[in-house]
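*Asks:* Here you go, model24.tsv (TSV, C-alpha atoms):
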chain	number	residue	atom	x	y	z
A	1	MET	CA	-47.42	-102.01	-2.77
A	2	SER	CA	-47.22	-98.78	-0.86
A	3	PHE	CA	-44.23	-98.25	1.40
A	4	ASP	CA	-46.70	-97.22	4.08
A	5	SER	CA	-48.49	-100.57	3.89
A	6	PRO	CA	-47.92	-103.39	6.40
A	7	SER	CA	-46.36	-105.52	3.63
A	8	PHE	CA	-43.35	-103.18	3.61
A	9	ASN	CA	-41.79	-104.05	6.93
A	10	SER	CA	-39.20	-101.55	8.15
A	11	SER	CA	-37.14	-104.41	9.60
A	12	MET	CA	-36.42	-105.47	6.00
A	13	GLU	CA	-34.55	-102.21	5.54
A	14	LYS	CA	-31.67	-102.92	7.89
A	15	ASN	CA	-29.72	-105.58	5.98
A	16	LEU	CA	-27.40	-103.36	3.93
A	17	SER	CA	-24.08	-103.86	5.69
A	18	GLY	CA	-21.38	-104.42	3.11
A	19	LYS	CA	-23.47	-102.95	0.29
A	20	LYS	CA	-22.29	-100.17	-1.98
A	21	ILE	CA	-24.92	-97.93	-3.58
A	22	ALA	CA	-24.61	-95.45	-6.43
A	23	ILE	CA	-26.79	-92.43	-6.97
A	24	VAL	CA	-26.49	-91.01	-10.47
A	25	ARG	CA	-27.96	-87.53	-10.56
A	26	SER	CA	-28.74	-85.30	-13.53
A	27	LEU	CA	-27.57	-81.70	-13.21
A	28	TRP	CA	-30.35	-80.54	-15.57
A	29	ASN	CA	-33.06	-78.97	-13.38
A	30	LYS	CA	-30.50	-79.06	-10.57
A	31	ASN	CA	-32.78	-77.25	-8.12
A	32	ILE	CA	-35.10	-80.26	-8.28
A	33	THR	CA	-32.46	-83.00	-8.45
A	34	ASP	CA	-30.67	-81.48	-5.43
A	35	LEU	CA	-33.84	-82.10	-3.39
A	36	LEU	CA	-34.21	-85.64	-4.74
A	37	LEU	CA	-30.56	-86.38	-3.95
A	38	GLN	CA	-30.83	-85.02	-0.43
A	39	SER	CA	-33.86	-87.10	0.49
A	40	ALA	CA	-32.42	-90.27	-1.11
A	41	THR	CA	-29.08	-89.95	0.70
A	42	ASN	CA	-30.73	-89.07	4.01
A	43	TYR	CA	-32.86	-92.19	3.82
A	44	LEU	CA	-29.94	-94.42	2.83
A	45	LYS	CA	-27.92	-93.11	5.78
A	46	SER	CA	-30.87	-93.77	8.10
A	47	THR	CA	-30.62	-97.48	7.15
A	48	GLY	CA	-27.05	-97.63	8.44
A	49	LEU	CA	-25.09	-96.93	5.27
A	50	ASN	CA	-22.07	-94.67	5.69
A	51	ASP	CA	-20.95	-91.88	3.38
A	52	GLY	CA	-18.35	-94.24	1.89
A	53	ASP	CA	-21.09	-96.75	0.99
A	54	ILE	CA	-22.95	-94.18	-1.13
A	55	LEU	CA	-21.23	-93.08	-4.34
A	56	ILE	CA	-22.67	-90.04	-6.11
A	57	LYS	CA	-22.06	-89.40	-9.80
A	58	ASN	CA	-23.32	-86.27	-11.52
A	59	VAL	CA	-24.19	-86.30	-15.20
A	60	PRO	CA	-25.23	-83.37	-17.42
A	61	GLY	CA	-28.80	-84.43	-18.19
A	62	SER	CA	-31.32	-87.22	-17.85
A	63	MET	CA	-30.21	-88.93	-21.06
A	64	GLU	CA	-26.77	-89.43	-19.50
A	65	LEU	CA	-28.27	-91.25	-16.50
A	66	VAL	CA	-28.09	-94.45	-18.54
A	67	TYR	CA	-24.37	-94.14	-19.25
A	68	GLY	CA	-23.64	-93.05	-15.68
A	69	SER	CA	-25.59	-95.96	-14.20
A	70	ASN	CA	-23.86	-98.44	-16.49
A	71	LYS	CA	-20.42	-97.08	-15.57
A	72	MET	CA	-21.12	-97.14	-11.84
A	73	ILE	CA	-22.06	-100.82	-11.93
A	74	GLU	CA	-19.25	-101.73	-14.33
A	75	LYS	CA	-16.38	-99.75	-12.80
A	76	GLU	CA	-17.36	-99.21	-9.15
A	77	LYS	CA	-19.00	-102.63	-8.66
A	78	VAL	CA	-21.99	-101.15	-6.83
A	79	ASP	CA	-24.85	-103.36	-5.68
A	80	GLY	CA	-27.54	-101.05	-7.04
A	81	VAL	CA	-28.18	-97.64	-8.57
A	82	ILE	CA	-30.70	-94.88	-8.03
A	83	ALA	CA	-31.00	-92.69	-11.14
A	84	LEU	CA	-32.36	-89.23	-10.29
A	85	GLY	CA	-33.49	-86.71	-12.87
A	86	CYS	CA	-36.18	-84.24	-13.81
A	87	ILE	CA	-37.67	-83.94	-17.29
A	88	ILE	CA	-40.14	-81.08	-17.66
A	89	LYS	CA	-42.42	-80.79	-20.68
A	90	GLY	CA	-41.50	-78.01	-23.08
A	91	GLU	CA	-43.12	-76.68	-26.22
A	92	THR	CA	-42.30	-79.82	-28.24
A	93	ASP	CA	-42.46	-83.59	-27.71
A	94	HIS	CA	-38.74	-83.72	-26.88
A	95	ASP	CA	-39.52	-84.69	-23.28
A	96	GLN	CA	-41.30	-87.85	-24.42
A	97	TYR	CA	-38.33	-89.00	-26.49
A	98	ILE	CA	-35.95	-88.39	-23.60
A	99	SER	CA	-38.24	-90.06	-21.03
A	100	ASN	CA	-38.71	-93.16	-23.18
A	101	ALA	CA	-35.01	-93.46	-23.99
A	102	VAL	CA	-33.98	-93.06	-20.36
A	103	SER	CA	-36.52	-95.54	-19.00
A	104	ASN	CA	-35.65	-98.13	-21.66
A	105	GLY	CA	-31.93	-97.54	-21.16
A	106	LEU	CA	-32.12	-97.98	-17.39
A	107	VAL	CA	-34.08	-101.21	-17.81
A	108	SER	CA	-31.34	-102.44	-20.16
A	109	VAL	CA	-28.63	-101.67	-17.60
A	110	CYS	CA	-30.63	-103.44	-14.90
A	111	LEU	CA	-31.02	-106.56	-17.02
A	112	LYS	CA	-27.43	-106.48	-18.33
A	113	TYR	CA	-25.95	-106.66	-14.82
A	114	SER	CA	-28.89	-108.26	-12.97
A	115	LYS	CA	-28.74	-105.46	-10.41
A	116	PRO	CA	-31.47	-103.03	-9.39
A	117	VAL	CA	-31.48	-99.69	-11.19
A	118	ILE	CA	-34.22	-97.45	-9.83
A	119	PHE	CA	-35.99	-94.94	-12.10
A	120	GLY	CA	-36.13	-91.84	-9.90
A	121	VAL	CA	-36.81	-89.49	-12.78
A	122	LEU	CA	-39.61	-86.97	-12.54
A	123	THR	CA	-41.52	-86.46	-15.79
A	124	THR	CA	-43.78	-83.47	-15.26
A	125	ASN	CA	-45.63	-80.83	-17.24
A	126	ASN	CA	-44.18	-77.91	-15.28
A	127	LEU	CA	-41.85	-76.87	-12.48
A	128	ASN	CA	-44.62	-76.73	-9.86
A	129	GLN	CA	-45.49	-80.37	-10.49
A	130	ALA	CA	-41.83	-81.29	-10.06
A	131	ILE	CA	-41.64	-79.40	-6.75
A	132	ASP	CA	-44.79	-81.19	-5.57
A	133	ARG	CA	-43.05	-84.54	-6.20
A	134	CYS	CA	-39.78	-83.88	-4.38
A	135	GLY	CA	-41.10	-83.38	-0.89
A	136	GLY	CA	-44.30	-81.52	-1.69
A	137	LYS	CA	-47.93	-82.53	-1.66
A	138	TYR	CA	-47.44	-85.52	-3.99
A	139	GLY	CA	-44.67	-87.24	-2.07
A	140	ASP	CA	-40.94	-87.46	-2.48
A	141	LYS	CA	-39.57	-89.39	-5.44
A	142	GLY	CA	-36.04	-89.29	-4.00
A	143	LEU	CA	-37.19	-90.98	-0.79
A	144	GLU	CA	-39.41	-93.44	-2.68
A	145	SER	CA	-36.54	-94.36	-5.00
A	146	ALA	CA	-34.19	-95.00	-2.08
A	147	LYS	CA	-36.84	-97.11	-0.34
A	148	SER	CA	-37.33	-99.14	-3.51
A	149	LEU	CA	-33.64	-99.90	-3.79
A	150	VAL	CA	-33.31	-100.79	-0.13
A	151	TYR	CA	-36.31	-103.09	-0.40
A	152	LEU	CA	-34.86	-104.89	-3.41
A	153	LEU	CA	-31.44	-105.29	-1.82
A	154	SER	CA	-32.89	-106.50	1.50
A	155	ASN	CA	-34.93	-109.33	0.02
Produce structure tokens that represent the structure in this file.
*Replies:*
Amino acid sequence: MSFDSPSFNSSMEKNLSGKKIAIVRSLWNKNITDLLLQSATNYLKSTGLNDGDILIKNVPGSMELVYGSNKMIEKEKVDGVIALGCIIKGETDHDQYISNAVSNGLVSVCLKYSKPVIFGVLTTNNLNQAIDRCGGKYGDKGLESAKSLVYLLSN
């Protein structure tokens, strides 16, 4: 389902009063994750959430998104998490190991607490592809991640 499709009704987005949201953001590739964070928080605020309803936790890298997400649900009792990161392919297959571990780890956290944990992690071949996916010609993963969480919490 596309968020531009009629099946995603914007009226479903306005039921977040009393909700507390966490955004866990990797500081690795910070220039990219700053953009993802900005668009995610802007969207969440546009749905009526206040600054106090949105908790932001920074972690060193994408691998630590799993731990950060787990801690935010466990300690802060948030209703859902958006995990934001950027993994760019290097000269080895290291990116694949990190991407797989992070995606599997976030699924585990989601299932452990039965709360939505959104995978807002870019996995690209280069920096230009990452830029294109955080407000560029291929959309905005920060915005899409926030919309996904809002949709899940509103239904």
*Asks:* Would you work out the distance separating CA of Lys141 (chain A) from CA of Ser99 (chain A), expressed in Å to one decimal?
*Replies:*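 One can read the CA of Lys141 (chain A) to CA of Ser99 (chain A) distance as 15.7 Å.
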*Asks:* With only C-alpha atoms as the counted atoms, please give the residues lying no more than 12 Å from Lys112 (chain A), apart from itself and same-chain residues fewer than 6 positions off, as an MDAnalysis selection string.
*Replies:* chainID A and resid 69:70 73:74 105:106
*Asks:* Using Å and a single decimal, report how far CA of Pro116 (chain A) sits from CA of Gly80 (chain A).
*Replies:*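 Distance between the two atoms: 5.0 Å.
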*Asks:* Write out as a PDB file with C-alpha atoms, in the frame of the given file the residues lying within 8 Å of Leu122 (chain A), counting only C-alpha atoms and excluding same-chain residues fewer than 4 positions away.
*Replies:*
ATOM      1  CA  LEU A  84     -32.360 -89.230 -10.290  1.00  0.00           C
ATOM      2  CA  GLY A  85     -33.490 -86.710 -12.870  1.00  0.00           C
ATOM      3  CA  CYS A  86     -36.180 -84.240 -13.810  1.00  0.00           C
ATOM      4  CA  ILE A  87     -37.670 -83.940 -17.290  1.00  0.00           C
ATOM      5  CA  ILE A  88     -40.140 -81.080 -17.660  1.00  0.00           C
ATOM      6  CA  ALA A 130     -41.830 -81.290 -10.060  1.00  0.00           C
ATOM      7  CA  ARG A 133     -43.050 -84.540  -6.200  1.00  0.00           C
ATOM      8  CA  LYS A 141     -39.570 -89.390  -5.440  1.00  0.00           C
TER       9      LYS A 141
END
*Asks:* Which residues are close to Ile56 (chain A), i.e. within 7 Å by only C-alpha atoms, leaving aside same-chain residues fewer than 4 positions away? Reply as a list in words.
*Replies:* Ala22, Ile23 and Val24 of chain A
*Asks:* Which polymer residues have any atom within 10 Å of an atom of Asp34 (chain A), counting all atoms listed in the file, with same-chain residues fewer than 6 positions away left out, as number ranges by chain?
*Replies:* A: 25-27, 40, 84-85, 134, 142
